[in-house]
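Here is the file work-v3.cif (mmCIF, C-alpha atoms, pLDDT in the B column; chains and numbers go by the auth columns).
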```
data_query
#
loop_
_atom_site.group_PDB
_atom_site.id
_atom_site.type_symbol
_atom_site.label_atom_id
_atom_site.label_comp_id
_atom_site.label_asym_id
_atom_site.label_seq_id
_atom_site.Cartn_x
_atom_site.Cartn_y
_atom_site.Cartn_z
_atom_site.B_iso_or_equiv
_atom_site.auth_seq_id
_atom_site.auth_asym_id
ATOM 1 C CA MET A 1 36.245 18.720 41.169 62.00 579 A
ATOM 2 C CA ASP A 2 35.971 15.196 39.855 68.00 580 A
ATOM 3 C CA ALA A 3 36.289 12.499 42.580 68.00 581 A
ATOM 4 C CA SER A 4 38.656 10.462 40.411 67.00 582 A
ATOM 5 C CA ILE A 5 41.057 13.414 40.185 67.00 583 A
ATOM 6 C CA VAL A 6 40.988 13.864 43.971 60.00 584 A
ATOM 7 C CA ALA A 7 41.578 10.131 44.482 59.00 585 A
ATOM 8 C CA ALA A 8 44.438 10.126 41.969 62.00 586 A
ATOM 9 C CA ALA A 9 46.040 13.089 43.698 62.00 587 A
ATOM 10 C CA GLY A 10 45.708 11.450 47.117 60.00 588 A
ATOM 11 C CA LEU A 11 47.236 8.093 46.204 57.00 589 A
ATOM 12 C CA PRO A 12 50.854 9.303 46.223 61.00 590 A
ATOM 13 C CA ALA A 13 50.328 10.917 49.631 59.00 591 A
ATOM 14 C CA ILE A 14 48.946 7.665 51.015 60.00 592 A
ATOM 15 C CA GLY A 15 51.861 5.762 49.507 56.00 593 A
ATOM 16 C CA TRP A 16 54.419 8.122 51.068 55.00 594 A
ATOM 17 C CA ALA A 17 52.683 7.898 54.441 55.00 595 A
ATOM 18 C CA LEU A 18 52.813 4.076 54.341 57.00 596 A
ATOM 19 C CA HIS A 19 56.429 4.142 53.205 47.00 597 A
ATOM 20 C CA GLY A 20 57.352 6.562 56.004 47.00 598 A
ATOM 21 C CA GLY A 21 55.643 4.321 58.566 45.00 599 A
ATOM 22 C CA LEU A 22 57.559 1.288 57.319 44.00 600 A
ATOM 23 C CA LEU A 23 60.856 3.167 57.495 40.00 601 A
ATOM 24 C CA LEU A 24 60.166 4.260 61.080 44.00 602 A
ATOM 25 C CA ARG A 25 59.334 0.672 62.046 47.00 603 A
ATOM 26 C CA ARG A 26 62.552 -0.602 60.448 46.00 604 A
ATOM 27 C CA LEU A 27 64.581 2.065 62.245 44.00 605 A
ATOM 28 C CA ALA A 28 63.034 1.127 65.589 45.00 606 A
ATOM 29 C CA THR A 29 63.701 -2.554 64.904 46.00 607 A
ATOM 30 C CA ALA A 30 67.319 -1.832 63.945 55.00 608 A
ATOM 31 C CA ARG A 31 67.859 -0.229 67.348 75.00 609 A
ATOM 32 C CA ARG A 32 66.780 -3.389 69.179 93.00 610 A
ATOM 33 C CA ASP A 33 68.705 -6.630 69.402 96.00 611 A
ATOM 34 C CA PRO A 34 66.466 -9.331 67.870 95.00 612 A
ATOM 35 C CA LEU A 35 67.546 -12.029 70.340 96.00 613 A
ATOM 36 C CA THR A 36 67.338 -10.169 73.647 97.00 614 A
ATOM 37 C CA GLY A 37 65.052 -7.256 72.836 96.00 615 A
ATOM 38 C CA LEU A 38 67.580 -4.880 74.404 97.00 616 A
ATOM 39 C CA HIS A 39 68.771 -1.711 72.737 97.00 617 A
ATOM 40 C CA THR A 40 71.659 -2.127 70.325 96.00 618 A
ATOM 41 C CA ARG A 41 74.787 -0.024 70.680 95.00 619 A
ATOM 42 C CA ALA A 42 73.404 2.623 68.312 92.00 620 A
ATOM 43 C CA GLY A 43 70.032 2.824 70.035 91.00 621 A
ATOM 44 C CA TRP A 44 71.499 2.850 73.536 96.00 622 A
ATOM 45 C CA THR A 45 74.365 5.294 73.012 95.00 623 A
ATOM 46 C CA THR A 46 72.154 8.239 72.094 93.00 624 A
ATOM 47 C CA ARG A 47 69.833 7.715 75.053 95.00 625 A
ATOM 48 C CA ALA A 48 72.661 6.969 77.489 97.00 626 A
ATOM 49 C CA ASP A 49 74.547 10.090 76.453 95.00 627 A
ATOM 50 C CA HIS A 50 71.456 12.189 77.149 95.00 628 A
ATOM 51 C CA LEU A 51 70.800 10.487 80.506 96.00 629 A
ATOM 52 C CA LEU A 52 74.409 10.885 81.619 96.00 630 A
ATOM 53 C CA ALA A 53 74.336 14.609 80.885 94.00 631 A
ATOM 54 C CA LYS A 54 71.000 15.065 82.663 95.00 632 A
ATOM 55 C CA HIS A 55 71.504 12.955 85.829 96.00 633 A
ATOM 56 C CA PRO A 56 74.431 13.854 88.128 95.00 634 A
ATOM 57 C CA GLY A 57 74.157 10.560 90.036 95.00 635 A
ATOM 58 C CA ALA A 58 74.161 8.318 86.947 97.00 636 A
ATOM 59 C CA LEU A 59 76.046 5.028 86.910 98.00 637 A
ATOM 60 C CA VAL A 60 77.377 3.431 83.700 98.00 638 A
ATOM 61 C CA LEU A 61 77.995 -0.325 83.614 98.00 639 A
ATOM 62 C CA LEU A 62 79.787 -2.667 81.225 97.00 640 A
ATOM 63 C CA ILE A 63 79.213 -6.391 81.578 97.00 641 A
ATOM 64 C CA ASP A 64 81.086 -9.190 79.859 96.00 642 A
ATOM 65 C CA LEU A 65 80.120 -12.829 80.288 96.00 643 A
ATOM 66 C CA ASP A 66 83.057 -14.947 81.426 94.00 644 A
ATOM 67 C CA ASP A 67 83.924 -18.054 79.411 91.00 645 A
ATOM 68 C CA PHE A 68 80.852 -17.633 77.222 94.00 646 A
ATOM 69 C CA LYS A 69 82.521 -19.427 74.311 93.00 647 A
ATOM 70 C CA ALA A 70 82.709 -22.559 76.462 92.00 648 A
ATOM 71 C CA VAL A 71 78.912 -22.561 76.835 93.00 649 A
ATOM 72 C CA ASN A 72 78.467 -22.444 73.065 91.00 650 A
ATOM 73 C CA ASP A 73 81.189 -25.029 72.439 93.00 651 A
ATOM 74 C CA THR A 74 79.944 -27.444 75.100 92.00 652 A
ATOM 75 C CA HIS A 75 76.171 -27.048 74.947 93.00 653 A
ATOM 76 C CA GLY A 76 75.515 -25.495 71.522 94.00 654 A
ATOM 77 C CA HIS A 77 74.423 -22.116 70.259 94.00 655 A
ATOM 78 C CA ALA A 78 70.845 -22.500 71.461 96.00 656 A
ATOM 79 C CA ALA A 79 72.215 -22.789 74.993 96.00 657 A
ATOM 80 C CA GLY A 80 74.354 -19.707 74.398 96.00 658 A
ATOM 81 C CA ASP A 81 71.256 -17.849 73.210 97.00 659 A
ATOM 82 C CA ALA A 82 69.452 -18.912 76.406 97.00 660 A
ATOM 83 C CA VAL A 83 72.311 -17.478 78.491 97.00 661 A
ATOM 84 C CA LEU A 84 72.266 -14.198 76.531 98.00 662 A
ATOM 85 C CA THR A 85 68.500 -13.877 76.909 98.00 663 A
ATOM 86 C CA ALA A 86 68.636 -14.649 80.631 98.00 664 A
ATOM 87 C CA THR A 87 71.426 -12.093 81.084 98.00 665 A
ATOM 88 C CA ALA A 88 69.370 -9.460 79.275 98.00 666 A
ATOM 89 C CA ASP A 89 66.328 -10.224 81.447 98.00 667 A
ATOM 90 C CA ARG A 90 68.372 -10.113 84.659 98.00 668 A
ATOM 91 C CA LEU A 91 70.063 -6.842 83.728 98.00 669 A
ATOM 92 C CA THR A 92 66.771 -5.247 82.729 97.00 670 A
ATOM 93 C CA ALA A 93 65.137 -6.341 85.974 97.00 671 A
ATOM 94 C CA TRP A 94 68.052 -4.970 87.992 97.00 672 A
ATOM 95 C CA CYS A 95 67.872 -1.586 86.216 97.00 673 A
ATOM 96 C CA GLY A 96 64.135 -1.392 86.760 95.00 674 A
ATOM 97 C CA ARG A 97 62.523 1.878 85.784 95.00 675 A
ATOM 98 C CA HIS A 98 65.685 3.802 86.576 94.00 676 A
ATOM 99 C CA GLY A 99 67.884 2.741 83.700 96.00 677 A
ATOM 100 C CA ILE A 100 68.244 1.231 80.279 97.00 678 A
ATOM 101 C CA ALA A 101 70.234 -1.785 79.195 98.00 679 A
ATOM 102 C CA ALA A 102 71.842 -2.725 75.905 98.00 680 A
ATOM 103 C CA ARG A 103 73.521 -5.629 74.226 98.00 681 A
ATOM 104 C CA LEU A 104 76.569 -4.089 72.622 96.00 682 A
ATOM 105 C CA GLY A 105 77.424 -7.244 70.717 93.00 683 A
ATOM 106 C CA GLY A 106 78.372 -10.839 71.362 94.00 684 A
ATOM 107 C CA ASP A 107 78.412 -11.385 75.114 96.00 685 A
ATOM 108 C CA GLU A 108 78.938 -7.743 76.057 97.00 686 A
ATOM 109 C CA PHE A 109 76.215 -5.688 77.703 98.00 687 A
ATOM 110 C CA ALA A 110 75.933 -2.137 78.991 98.00 688 A
ATOM 111 C CA ALA A 111 73.529 -0.190 81.137 98.00 689 A
ATOM 112 C CA ILE A 112 73.052 3.271 82.519 98.00 690 A
ATOM 113 C CA VAL A 113 71.130 3.824 85.716 98.00 691 A
ATOM 114 C CA THR A 114 69.992 7.337 86.584 97.00 692 A
ATOM 115 C CA SER A 115 69.315 6.580 90.263 96.00 693 A
ATOM 116 C CA PRO A 116 71.682 3.829 91.434 96.00 694 A
ATOM 117 C CA GLY A 117 70.307 4.055 94.970 94.00 695 A
ATOM 118 C CA ARG A 118 66.985 2.770 93.680 95.00 696 A
ATOM 119 C CA THR A 119 68.534 -0.446 92.374 95.00 697 A
ATOM 120 C CA PRO A 120 69.266 -3.496 94.527 95.00 698 A
ATOM 121 C CA GLY A 121 73.001 -2.635 94.346 96.00 699 A
ATOM 122 C CA LEU A 122 76.027 -3.973 92.497 96.00 700 A
ATOM 123 C CA ALA A 123 76.377 -7.060 94.702 95.00 701 A
ATOM 124 C CA ALA A 124 72.808 -8.023 93.817 96.00 702 A
ATOM 125 C CA LEU A 125 73.550 -7.475 90.125 97.00 703 A
ATOM 126 C CA ARG A 126 76.624 -9.688 90.340 94.00 704 A
ATOM 127 C CA ALA A 127 74.590 -12.392 92.103 95.00 705 A
ATOM 128 C CA ALA A 128 71.762 -12.166 89.563 96.00 706 A
ATOM 129 C CA LEU A 129 74.091 -12.346 86.578 97.00 707 A
ATOM 130 C CA GLY A 130 76.007 -15.256 88.100 94.00 708 A
ATOM 131 C CA GLY A 131 73.034 -17.540 88.607 95.00 709 A
ATOM 132 C CA PRO A 132 72.861 -20.669 86.454 96.00 710 A
ATOM 133 C CA VAL A 133 70.534 -20.728 83.446 97.00 711 A
ATOM 134 C CA ASP A 134 68.275 -23.715 82.926 95.00 712 A
ATOM 135 C CA HIS A 135 68.351 -24.987 79.351 95.00 713 A
ATOM 136 C CA HIS A 136 66.572 -28.247 78.511 93.00 714 A
ATOM 137 C CA GLY A 137 67.127 -29.615 81.988 93.00 715 A
ATOM 138 C CA HIS A 138 70.775 -28.597 82.218 90.00 716 A
ATOM 139 C CA ALA A 139 71.938 -25.913 84.627 95.00 717 A
ATOM 140 C CA LEU A 140 74.332 -23.844 82.540 95.00 718 A
ATOM 141 C CA PRO A 141 77.031 -22.096 84.568 93.00 719 A
ATOM 142 C CA VAL A 142 77.142 -18.347 84.093 94.00 720 A
ATOM 143 C CA SER A 143 79.499 -15.728 85.434 93.00 721 A
ATOM 144 C CA ALA A 144 80.058 -12.139 84.467 95.00 722 A
ATOM 145 C CA SER A 145 82.613 -9.435 85.029 95.00 723 A
ATOM 146 C CA VAL A 146 81.096 -6.035 85.744 96.00 724 A
ATOM 147 C CA GLY A 147 82.816 -2.687 85.449 96.00 725 A
ATOM 148 C CA HIS A 148 81.163 0.542 86.451 97.00 726 A
ATOM 149 C CA CYS A 149 81.732 4.272 86.478 97.00 727 A
ATOM 150 C CA HIS A 150 79.843 6.903 88.435 96.00 728 A
ATOM 151 C CA ARG A 151 79.311 10.169 86.653 95.00 729 A
ATOM 152 C CA THR A 152 80.836 11.921 89.651 95.00 730 A
ATOM 153 C CA ASP A 153 84.142 10.129 88.906 93.00 731 A
ATOM 154 C CA LEU A 154 84.433 11.967 85.596 93.00 732 A
ATOM 155 C CA PRO A 155 85.861 15.462 85.130 92.00 733 A
ATOM 156 C CA VAL A 156 83.417 15.954 82.238 90.00 734 A
ATOM 157 C CA PRO A 157 80.227 13.870 81.964 90.00 735 A
ATOM 158 C CA ALA A 158 81.022 12.264 78.601 95.00 736 A
ATOM 159 C CA LEU A 159 79.687 8.800 77.783 96.00 737 A
ATOM 160 C CA THR A 160 82.872 7.781 75.973 95.00 738 A
ATOM 161 C CA ASP A 161 84.895 8.541 79.114 96.00 739 A
ATOM 162 C CA ALA A 162 82.407 6.696 81.331 96.00 740 A
ATOM 163 C CA LEU A 163 82.518 3.635 79.059 96.00 741 A
ATOM 164 C CA SER A 164 86.317 3.715 78.962 95.00 742 A
ATOM 165 C CA THR A 165 86.515 3.874 82.766 95.00 743 A
ATOM 166 C CA ALA A 166 83.925 1.093 83.131 96.00 744 A
ATOM 167 C CA ASP A 167 85.817 -0.994 80.563 95.00 745 A
ATOM 168 C CA LYS A 168 89.081 -0.667 82.501 94.00 746 A
ATOM 169 C CA ALA A 169 87.279 -1.608 85.703 94.00 747 A
ATOM 170 C CA MET A 170 85.664 -4.605 84.005 93.00 748 A
ATOM 171 C CA TYR A 171 89.039 -5.942 82.866 90.00 749 A
ATOM 172 C CA GLN A 172 90.471 -5.400 86.342 89.00 750 A
ATOM 173 C CA ALA A 173 87.557 -7.479 87.663 86.00 751 A
ATOM 174 C CA LYS A 174 88.344 -10.203 85.119 83.00 752 A
ATOM 175 C CA GLY A 175 91.949 -10.168 86.314 72.00 753 A
ATOM 176 C CA HIS A 176 90.811 -10.845 89.884 61.00 754 A
ATOM 177 C CA GLY A 177 88.873 -13.965 88.967 55.00 755 A
ATOM 178 C CA ARG A 178 85.365 -14.595 87.783 50.00 756 A
ATOM 179 C CA ARG A 179 82.214 -13.070 89.255 50.00 757 A
ATOM 180 C CA ASN A 180 83.782 -9.774 90.141 52.00 758 A
ATOM 181 C CA THR A 181 82.702 -6.158 90.046 52.00 759 A
ATOM 182 C CA ARG A 182 84.916 -3.094 89.940 52.00 760 A
#
```

How would this structure read if it were set down as structure tokens?
Amino acid sequence: MDASIVAAAGLPAIGWALHGGLLLRRLATARRDPLTGLHTRAGWTTRADHLLAKHPGALVLLIDLDDFKAVNDTHGHAAGDAVLTATADRLTAWCGRHGIAARLGGDEFAAIVTSPGRTPGLAALRAALGGPVDHHGHALPVSASVGHCHRTDLPVPALTDALSTADKAMYQAKGHGRRNTR
């Protein structure tokens, strides 16, 4: 067979392989928040649902930064971005190898931890999230309300139910003042 015919036949296959690789890269990028590097809601939900079903001791968390708009309004959006990035780093460090974190949007974060006993605990999370963030020599105040739900608290281990329970707990924490966990 003529080499030019073989090369001509192979070009479309090479093109499709490159195109497929680019699509996979774009999909992976779409499932990560560009600012924090955390999973987005879409990327996290699928994995969290699987982890919740598989791990009887799993813990689901929802975190909302308190008065975040004031940081942006007072110090600018770059300062707000610094707070979001620091929150993502602190949440990821707290989860360690036993969980995954996500930025759901704006100043709302979520995490699922498969072995909560292997984390430093909720009080340590609250303390970590509440530490000030240094931005261009200014200590930016940060506080967060944290709601959580243990899988064992659910009649059926469904992520939507866990998130709803954690959301209710988070808003109860907000109602009891800043820097609270429920």

(Q) As a check of understanding, name the residues that the PyMOL selection byres ((chain A and resi 725) around 7) selects in the supplied structure, as a list in words. (A)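 Applying the PyMOL selection byres ((chain A and resi 725) around 7) to the structure shown produces Leu639, Leu640, Ile641, Ser723, Val724, His726, Ala744, Asp745, Ala747, Met748, Thr759 and Arg760 of chain A.
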
Q) Using only C-alpha atoms, which of the listed residues (A:Thr670, A:Thr743, A:Gln750, A:Thr665) sits closest to Glu686 (chain A)? A) A:Thr665

Q: Check the smallest atom-to-atom distance from each of A:Leu718, A:Gly695, A:Ile678, A:Ile690 to Ala656 (chain A) using only C-alpha atoms, then report the winner.
A: A:Leu718

Q) Pick from A:Arg729, A:His716, A:Arg610, A:Lys746: nearest to Leu630 (chain A), with only C-alpha atoms counted? A)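 Closest to Leu630 (chain A), using only C-alpha atoms: A:Arg729.
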
Given the PyMOL selection byres ((chain A and resi 649) around 12) and the file above, list the residues it selects as a PDB file with C-alpha atoms, in the frame of the given file.
```
ATOM      1  CA  LEU A 643      80.120 -12.829  80.288  1.00 96.00           C
ATOM      2  CA  ASP A 644      83.057 -14.947  81.426  1.00 94.00           C
ATOM      3  CA  ASP A 645      83.924 -18.054  79.411  1.00 91.00           C
ATOM      4  CA  PHE A 646      80.852 -17.633  77.222  1.00 94.00           C
ATOM      5  CA  LYS A 647      82.521 -19.427  74.311  1.00 93.00           C
ATOM      6  CA  ALA A 648      82.709 -22.559  76.462  1.00 92.00           C
ATOM      7  CA  ASN A 650      78.467 -22.444  73.065  1.00 91.00           C
ATOM      8  CA  ASP A 651      81.189 -25.029  72.439  1.00 93.00           C
ATOM      9  CA  THR A 652      79.944 -27.444  75.100  1.00 92.00           C
ATOM     10  CA  HIS A 653      76.171 -27.048  74.947  1.00 93.00           C
ATOM     11  CA  GLY A 654      75.515 -25.495  71.522  1.00 94.00           C
ATOM     12  CA  HIS A 655      74.423 -22.116  70.259  1.00 94.00           C
ATOM     13  CA  ALA A 656      70.845 -22.500  71.461  1.00 96.00           C
ATOM     14  CA  ALA A 657      72.215 -22.789  74.993  1.00 96.00           C
ATOM     15  CA  GLY A 658      74.354 -19.707  74.398  1.00 96.00           C
ATOM     16  CA  ASP A 659      71.256 -17.849  73.210  1.00 97.00           C
ATOM     17  CA  ALA A 660      69.452 -18.912  76.406  1.00 97.00           C
ATOM     18  CA  VAL A 661      72.311 -17.478  78.491  1.00 97.00           C
ATOM     19  CA  LEU A 662      72.266 -14.198  76.531  1.00 98.00           C
ATOM     20  CA  ASP A 685      78.412 -11.385  75.114  1.00 96.00           C
ATOM     21  CA  PRO A 710      72.861 -20.669  86.454  1.00 96.00           C
ATOM     22  CA  VAL A 711      70.534 -20.728  83.446  1.00 97.00           C
ATOM     23  CA  HIS A 713      68.351 -24.987  79.351  1.00 95.00           C
ATOM     24  CA  HIS A 716      70.775 -28.597  82.218  1.00 90.00           C
ATOM     25  CA  ALA A 717      71.938 -25.913  84.627  1.00 95.00           C
ATOM     26  CA  LEU A 718      74.332 -23.844  82.540  1.00 95.00           C
ATOM     27  CA  PRO A 719      77.031 -22.096  84.568  1.00 93.00           C
ATOM     28  CA  VAL A 720      77.142 -18.347  84.093  1.00 94.00           C
ATOM     29  CA  SER A 721      79.499 -15.728  85.434  1.00 93.00           C
TER      30      SER A 721
END
```

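Among A:Asp739, A:Tyr749, A:His628, A:Trp672, the residue with the shortest atom-to-atom distance to Gly699 (chain A), counting only C-alpha atoms, is A:Trp672.
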
Q) If you count only C-alpha atoms, which residues fall within 7 Å of His728 (chain A), apart from same-chain ones fewer than 5 positions away, as a PyMOL selection string? A) chain A and resi 635-638

Could you tell me which residues the PyMOL selection byres ((chain A and resi 706) around 9) returns for this structure, as a compact mmCIF listing (two decimals) with C-alpha atoms, keeping the file's coordinate frame?
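Full text of selection.txt as output:
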```txt
# COMPACT_ATOMS: atom_id res chain seq x y z
CA THR A 665 71.43 -12.09 81.08
CA ARG A 668 68.37 -10.11 84.66
CA LEU A 669 70.06 -6.84 83.73
CA TRP A 672 68.05 -4.97 87.99
CA ALA A 701 76.38 -7.06 94.70
CA ALA A 702 72.81 -8.02 93.82
CA LEU A 703 73.55 -7.48 90.12
CA ARG A 704 76.62 -9.69 90.34
CA ALA A 705 74.59 -12.39 92.10
CA LEU A 707 74.09 -12.35 86.58
CA GLY A 708 76.01 -15.26 88.10
CA GLY A 709 73.03 -17.54 88.61
```

Q.
Considering all atoms listed in the file, can you say which of A:Asp642, A:His633, A:Ser742, A:Cys673 comes closest to Thr730 (chain A)?
A. A:His633

Q: Calculate how many Å separate CA of Gly684 (chain A) from CA of Ala664 (chain A), rounding to one decimal.
A: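 Straight-line distance from CA of Gly684 (chain A) to CA of Ala664 (chain A) works out to 14.0 Å.
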